[in-house]
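Here is the structure we will look at.
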Amino acid sequence: MENPEVLTDLDVAGTHRSAASGTKSVMKKLPEVTLAFWIMKIAATTLGETAGDLFAQTLKIGYFLTTIALFLVFVVTLVVQLRSSHYNPFFYWTVILSTSMAGTTMSDFMNRDASAKFLSNGAKSLGWGPQGLGLGYPTGAAILISILLVIFAVWKVSGMTFQIRDIVTFRGEALFWAAILVSNTLGTSMGDFLSDSSGLGYLGGAALVTGVLLVLLALMKVPAVPNVLLFWIAFVLTRPLGATAGDFLTKPVAKGGLDLGTAGSSAVLLAVLFGLMAYAQVRERRTTGPRAAAEETVTRQAG
């Protein structure tokens with residue numbers, strides 16, 4: 001049976017090296033999954049939606065160039081995270097944000113085209129390069145689901161654990177972040193479909209996703225349901241929740257939004273996320289110090 005703590009504790013504090021056990025001390029690289037984690041995840045994905053739209057649509061850079069630029073940002077932030085020897089909230093959540101921004105424009109580029117439906121204010125084009133592949137949300141989602149399943153299949157064949165709190169290797173973390181990028185892109189497609197094509201609107205789409213997340217929360221109490229599976233479903237679904245929330249903040253009132261604009265909404269969300277990251281950093285320092293001292297004591301005793 002899966003460990004019931006997966007959704008509430010991703011603490012991968014290191015094991016201790018001793019002559020008897022031969023295990024290797026490893027610092028945790030991922031955060032604990034608490035209520036604060038999910039709040040930060042939704043804030044980051046909402047900001048990813050508004051910031052991606054800011055660059056691609058408001059600034060009229062276009063989906064093609066914005067996707068390339070934001071993917072390069074993702075690579076840079078990922079390298080910083082992978083090279084870090086321990087969990088750093090700023091590094092971790094910067095990668096989450098970069099996957100959300102890149103996922104927004106990647107999804108838009110896959111699903112949209114240059115039709116008037118996606119080009120506001122009478123514009124006939126959107127930036128240099130292809131306007132979009134025009135695959136549509138169902139086809140785009142099907143492709144992304146297939147890619148995500150391939151990543152999980154490779155992950156399974158590699159023999160590395162799906163228990164997120166036990167990911168301590170470079171290959172394991174690389175697979176984790178690949179799944180994060182694709183899941184955030186998939187979540188964008190799902191969110192846009194709910195907002196634009198399902199007839200539910202922004203608030204209706206957000207309400208539907210929230211209802212499903214509450215069902216997942218209830219399923220945590222069912223021993224037969226793997227909590228690792230619930231974690232990944234929840235991780236994917238918080239992205240369309242952020243996407244619909246972001247659209248609700250930025251889209252015109254005539255379309256059911258608040259018309260706050262992508263720039264203003266992004267600035268407020270960035271401030272909120274930065275504040276949460278700073279709080280997480282302070283909290284991590286308070287808990288890491290005593291934990292490191294305890295591990296050092298154990299190591300000395302074992303020696």
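Letters for chains follow the order of the structure tokens (A, B, ...), residue numbers begin at 1 for each chain, and ligand numbers begin at 1 in the order shown.
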**OP:** Skip stretch 142-146 of chain A itself and residues of its chain fewer than 5 positions away, then list as a ChimeraX atom specification all residues within 8 Å of it, counting only C-alpha atoms.
**Re:** /A:182-183,185-186
Please list as an mmCIF file with all heavy atoms, in the first residue's frame every residue within 10 Å of A:Leu249, counting only C-alpha atoms and excluding residues in the same chain fewer than 3 positions away.
data_model
loop_
_atom_site.group_PDB
_atom_site.id
_atom_site.type_symbol
_atom_site.label_atom_id
_atom_site.label_comp_id
_atom_site.auth_asym_id
_atom_site.auth_seq_id
_atom_site.Cartn_x
_atom_site.Cartn_y
_atom_site.Cartn_z
ATOM 1 N N THR A 46 -1.405 30.734 -11.372
ATOM 2 C CA THR A 46 -2.207 31.885 -11.787
ATOM 3 C C THR A 46 -1.315 32.973 -12.360
ATOM 4 O O THR A 46 -1.619 33.574 -13.402
ATOM 5 C CB THR A 46 -3.015 32.439 -10.602
ATOM 6 O OG1 THR A 46 -3.792 31.394 -10.017
ATOM 7 C CG2 THR A 46 -3.951 33.555 -11.051
ATOM 8 N N THR A 50 -1.221 34.781 -16.192
ATOM 9 C CA THR A 50 -1.284 36.211 -16.486
ATOM 10 C C THR A 50 0.020 36.721 -17.093
ATOM 11 O O THR A 50 -0.001 37.559 -18.009
ATOM 12 C CB THR A 50 -1.603 37.008 -15.207
ATOM 13 O OG1 THR A 50 -0.586 36.785 -14.219
ATOM 14 C CG2 THR A 50 -2.944 36.592 -14.630
ATOM 15 N N TYR A 202 -15.330 31.335 -16.680
ATOM 16 C CA TYR A 202 -14.181 31.316 -15.771
ATOM 17 C C TYR A 202 -14.552 30.822 -14.378
ATOM 18 O O TYR A 202 -13.892 29.947 -13.814
ATOM 19 C CB TYR A 202 -13.558 32.720 -15.690
ATOM 20 C CG TYR A 202 -13.218 33.293 -17.037
ATOM 21 C CD1 TYR A 202 -13.701 34.533 -17.434
ATOM 22 C CD2 TYR A 202 -12.424 32.580 -17.931
ATOM 23 C CE1 TYR A 202 -13.394 35.054 -18.682
ATOM 24 C CE2 TYR A 202 -12.117 33.088 -19.178
ATOM 25 C CZ TYR A 202 -12.613 34.329 -19.554
ATOM 26 O OH TYR A 202 -12.319 34.828 -20.784
ATOM 27 N N ALA A 243 -5.284 28.752 -14.224
ATOM 28 C CA ALA A 243 -5.546 29.325 -15.547
ATOM 29 C C ALA A 243 -6.892 30.033 -15.583
ATOM 30 O O ALA A 243 -7.007 31.156 -16.095
ATOM 31 C CB ALA A 243 -5.497 28.229 -16.610
ATOM 32 N N THR A 244 -7.914 29.387 -15.042
ATOM 33 C CA THR A 244 -9.241 30.018 -15.039
ATOM 34 C C THR A 244 -9.264 31.237 -14.122
ATOM 35 O O THR A 244 -9.900 32.248 -14.430
ATOM 36 C CB THR A 244 -10.319 29.017 -14.605
ATOM 37 O OG1 THR A 244 -9.936 28.401 -13.359
ATOM 38 C CG2 THR A 244 -10.518 27.925 -15.645
ATOM 39 N N ALA A 245 -8.545 31.157 -13.000
ATOM 40 C CA ALA A 245 -8.476 32.312 -12.098
ATOM 41 C C ALA A 245 -7.755 33.470 -12.775
ATOM 42 O O ALA A 245 -8.172 34.636 -12.656
ATOM 43 C CB ALA A 245 -7.765 31.925 -10.803
ATOM 44 N N GLY A 246 -6.659 33.156 -13.491
ATOM 45 C CA GLY A 246 -5.926 34.199 -14.195
ATOM 46 C C GLY A 246 -6.754 34.853 -15.281
ATOM 47 O O GLY A 246 -6.756 36.087 -15.435
ATOM 48 N N PRO A 252 -11.863 40.733 -20.386
ATOM 49 C CA PRO A 252 -12.868 41.807 -20.337
ATOM 50 C C PRO A 252 -14.139 41.389 -19.602
ATOM 51 O O PRO A 252 -14.473 40.201 -19.539
ATOM 52 C CB PRO A 252 -13.159 42.076 -21.820
ATOM 53 C CG PRO A 252 -11.969 41.565 -22.554
ATOM 54 C CD PRO A 252 -11.479 40.395 -21.763
ATOM 55 N N VAL A 253 -14.830 42.384 -19.077
ATOM 56 C CA VAL A 253 -16.080 42.132 -18.363
ATOM 57 C C VAL A 253 -17.094 41.477 -19.289
ATOM 58 O O VAL A 253 -17.881 40.612 -18.867
ATOM 59 C CB VAL A 253 -16.644 43.446 -17.791
ATOM 60 C CG1 VAL A 253 -18.011 43.215 -17.152
ATOM 61 C CG2 VAL A 253 -15.681 44.044 -16.777
ATOM 62 N N GLY A 256 -16.876 37.908 -19.123
ATOM 63 C CA GLY A 256 -17.032 37.304 -17.806
ATOM 64 C C GLY A 256 -15.859 37.512 -16.875
ATOM 65 O O GLY A 256 -15.821 36.935 -15.782
ATOM 66 N N GLY A 257 -14.890 38.357 -17.283
ATOM 67 C CA GLY A 257 -13.727 38.606 -16.443
ATOM 68 C C GLY A 257 -13.844 39.910 -15.676
ATOM 69 O O GLY A 257 -14.840 40.631 -15.774
ATOM 70 N N LEU A 258 -12.787 40.230 -14.906
ATOM 71 C CA LEU A 258 -12.765 41.466 -14.130
ATOM 72 C C LEU A 258 -12.047 42.590 -14.856
ATOM 73 O O LEU A 258 -12.067 43.735 -14.403
ATOM 74 C CB LEU A 258 -12.086 41.218 -12.770
ATOM 75 C CG LEU A 258 -12.810 40.255 -11.817
ATOM 76 C CD1 LEU A 258 -12.004 40.096 -10.533
ATOM 77 C CD2 LEU A 258 -14.216 40.749 -11.509
ATOM 78 N N ASP A 259 -11.366 42.271 -15.959
ATOM 79 C CA ASP A 259 -10.674 43.261 -16.786
ATOM 80 C C ASP A 259 -9.643 44.058 -15.986
ATOM 81 O O ASP A 259 -9.513 45.271 -16.148
ATOM 82 C CB ASP A 259 -11.684 44.214 -17.439
ATOM 83 C CG ASP A 259 -11.084 44.946 -18.647
ATOM 84 O OD1 ASP A 259 -10.042 44.487 -19.151
ATOM 85 O OD2 ASP A 259 -11.655 45.966 -19.061
ATOM 86 N N LEU A 260 -8.885 43.379 -15.118
ATOM 87 C CA LEU A 260 -7.850 44.050 -14.335
ATOM 88 C C LEU A 260 -6.556 44.205 -15.118
ATOM 89 O O LEU A 260 -5.657 44.917 -14.680
ATOM 90 C CB LEU A 260 -7.580 43.267 -13.045
ATOM 91 C CG LEU A 260 -8.771 43.117 -12.090
ATOM 92 C CD1 LEU A 260 -8.365 42.320 -10.860
ATOM 93 C CD2 LEU A 260 -9.312 44.481 -11.692
ATOM 94 N N GLY A 261 -6.462 43.519 -16.263
ATOM 95 C CA GLY A 261 -5.268 43.635 -17.076
ATOM 96 C C GLY A 261 -4.196 42.641 -16.683
ATOM 97 O O GLY A 261 -4.090 42.241 -15.513
ATOM 98 N N THR A 262 -3.380 42.245 -17.660
ATOM 99 C CA THR A 262 -2.334 41.259 -17.382
ATOM 100 C C THR A 262 -1.185 41.854 -16.573
ATOM 101 O O THR A 262 -0.602 41.179 -15.718
ATOM 102 C CB THR A 262 -1.784 40.686 -18.699
ATOM 103 O OG1 THR A 262 -1.347 41.771 -19.550
ATOM 104 C CG2 THR A 262 -2.847 39.883 -19.441
ATOM 105 N N GLY A 264 -1.191 44.536 -14.336
ATOM 106 C CA GLY A 264 -1.547 44.766 -12.939
ATOM 107 C C GLY A 264 -1.754 43.482 -12.168
ATOM 108 O O GLY A 264 -1.277 43.329 -11.038
ATOM 109 N N SER A 265 -2.453 42.529 -12.792
ATOM 110 C CA SER A 265 -2.698 41.242 -12.127
ATOM 111 C C SER A 265 -1.387 40.510 -11.868
ATOM 112 O O SER A 265 -1.182 39.941 -10.788
ATOM 113 C CB SER A 265 -3.620 40.377 -12.985
ATOM 114 O OG SER A 265 -4.879 40.993 -13.161
ATOM 115 N N SER A 266 -0.485 40.541 -12.843
ATOM 116 C CA SER A 266 0.802 39.858 -12.689
ATOM 117 C C SER A 266 1.627 40.486 -11.576
ATOM 118 O O SER A 266 2.288 39.785 -10.797
ATOM 119 C CB SER A 266 1.590 39.899 -14.000
ATOM 120 O OG SER A 266 0.915 39.204 -15.023
#
Could you give me, as a CSV table (one decimal) with N, CA, C and O atoms, in the first residue's frame, the residues within 10 Å of A:Leu82, counting only C-alpha atoms and dropping anything in the same chain fewer than 2 positions from it?
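Result written to out03.csv:
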chain,number,residue,atom,x,y,z
A,29,LYS,N,15.5,18.0,-1.4
A,29,LYS,CA,15.5,19.0,-2.5
A,29,LYS,C,14.1,19.5,-2.8
A,29,LYS,O,13.9,20.5,-3.6
A,77,THR,N,16.4,28.4,-14.8
A,77,THR,CA,16.0,28.1,-13.5
A,77,THR,C,16.1,26.7,-13.1
A,77,THR,O,16.4,26.4,-11.9
A,78,LEU,N,15.9,25.8,-14.0
A,78,LEU,CA,16.1,24.4,-13.7
A,78,LEU,C,17.5,24.0,-13.4
A,78,LEU,O,17.8,23.2,-12.4
A,79,VAL,N,18.4,24.6,-14.1
A,79,VAL,CA,19.9,24.3,-13.9
A,79,VAL,C,20.2,24.7,-12.5
A,79,VAL,O,21.0,24.0,-11.7
A,80,VAL,N,19.7,25.9,-12.1
A,80,VAL,CA,20.0,26.4,-10.7
A,80,VAL,C,19.5,25.5,-9.7
A,80,VAL,O,20.1,25.2,-8.7
A,84,SER,N,21.6,23.0,-6.9
A,84,SER,CA,21.5,23.2,-5.5
A,84,SER,C,21.6,21.9,-4.7
A,84,SER,O,21.1,20.9,-5.1
A,85,SER,N,22.3,22.0,-3.6
A,85,SER,CA,22.5,20.8,-2.8
A,85,SER,C,21.4,20.5,-1.8
A,85,SER,O,21.4,19.5,-1.2
A,86,HIS,N,20.5,21.5,-1.6
A,86,HIS,CA,19.4,21.3,-0.7
A,86,HIS,C,18.2,22.1,-1.1
A,86,HIS,O,18.2,22.9,-2.1
A,91,PHE,N,14.5,28.9,-5.3
A,91,PHE,CA,14.9,28.1,-6.5
A,91,PHE,C,13.7,27.3,-6.9
A,91,PHE,O,13.4,27.2,-8.1
A,92,TYR,N,13.1,26.5,-6.0
A,92,TYR,CA,12.1,25.6,-6.3
A,92,TYR,C,10.9,26.3,-6.9
A,92,TYR,O,10.4,25.9,-8.0
A,169,THR,N,18.1,11.8,-6.5
A,169,THR,CA,19.1,11.6,-7.6
A,169,THR,C,18.9,12.7,-8.7
A,169,THR,O,17.7,13.2,-8.8
A,170,PHE,N,19.9,13.0,-9.5
A,170,PHE,CA,19.8,13.9,-10.6
A,170,PHE,C,18.8,13.4,-11.6
A,170,PHE,O,17.9,14.2,-12.0
A,171,ARG,N,18.8,12.1,-11.9
A,171,ARG,CA,17.9,11.6,-12.9
A,171,ARG,C,16.5,11.6,-12.4
A,171,ARG,O,15.5,11.9,-13.2
A,173,GLU,N,15.2,13.7,-10.2
A,173,GLU,CA,14.7,15.1,-10.2
A,173,GLU,C,14.4,15.6,-11.6
A,173,GLU,O,13.5,16.4,-11.9
A,174,ALA,N,15.3,15.2,-12.6
A,174,ALA,CA,15.1,15.6,-14.0
A,174,ALA,C,13.7,15.1,-14.5
A,174,ALA,O,13.0,15.8,-15.2
A,177,TRP,N,10.9,17.1,-13.0
A,177,TRP,CA,10.7,18.4,-13.6
A,177,TRP,C,10.1,18.3,-15.0
A,177,TRP,O,9.4,19.2,-15.4
**OP:** Could you check how far atom CA of A:Ala224 sits from atom CA of A:Val209, in Å to one decimal?
**Re:**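 So the answer is 23.0 Å.
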Original post:
atom CA of A:Ala153 to atom CA of A:Gly103: how many Å, to one decimal?
Top reply: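 Computed distance, atom CA of A:Ala153 to atom CA of A:Gly103, equals 21.3 Å.
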**OP:** Mind giving me the straight-line distance from atom CA of A:Gln57 to atom CA of A:Met277 in Å, one decimal?
**Re:**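 Taking atom CA of A:Gln57 and atom CA of A:Met277, their separation equals 27.6 Å.
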**OP:** Excluding A:Pro138 and residues on its chain fewer than 3 positions from it, collect all residues at most 9 Å away from it, counting only C-alpha atoms, and give them as a list in words.
**Re:**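 The contact residues come out as Asn111, Leu135, Ala141, Ala142, Ile143, Ser189, Met190 and Phe193 of chain A.
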Original post:
Among stretch 14-117 of chain A, which residues carry a DSSP assignment of helix (DSSP H, G or I), reported as a PyMOL selection string?
Top reply: chain A and resi 35-58+63-83+89-111
**OP:** Kindly indicate which residue among A:Arg165, A:Gly199, A:Leu216, A:Val272 lies nearest to A:Val33, using only C-alpha atoms for the distances.
**Re:**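 Checking each of A:Arg165, A:Gly199, A:Leu216, A:Val272 against A:Val33, counting only C-alpha atoms, the winner is A:Arg165.
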**OP:** Mind checking which residues fall within 9 Å of A:Trp155, counting only C-alpha atoms, ignoring those fewer than 6 positions away in the same chain, and posting them as a ChimeraX atom specification?
**Re:** /A:161-162,172,175-176
**OP:** Could you tell me which of A:Gly159, A:Pro130, A:Pro223, A:Pro89 comes closest to A:Phe64 if we count only C-alpha atoms?
**Re:** A:Pro130
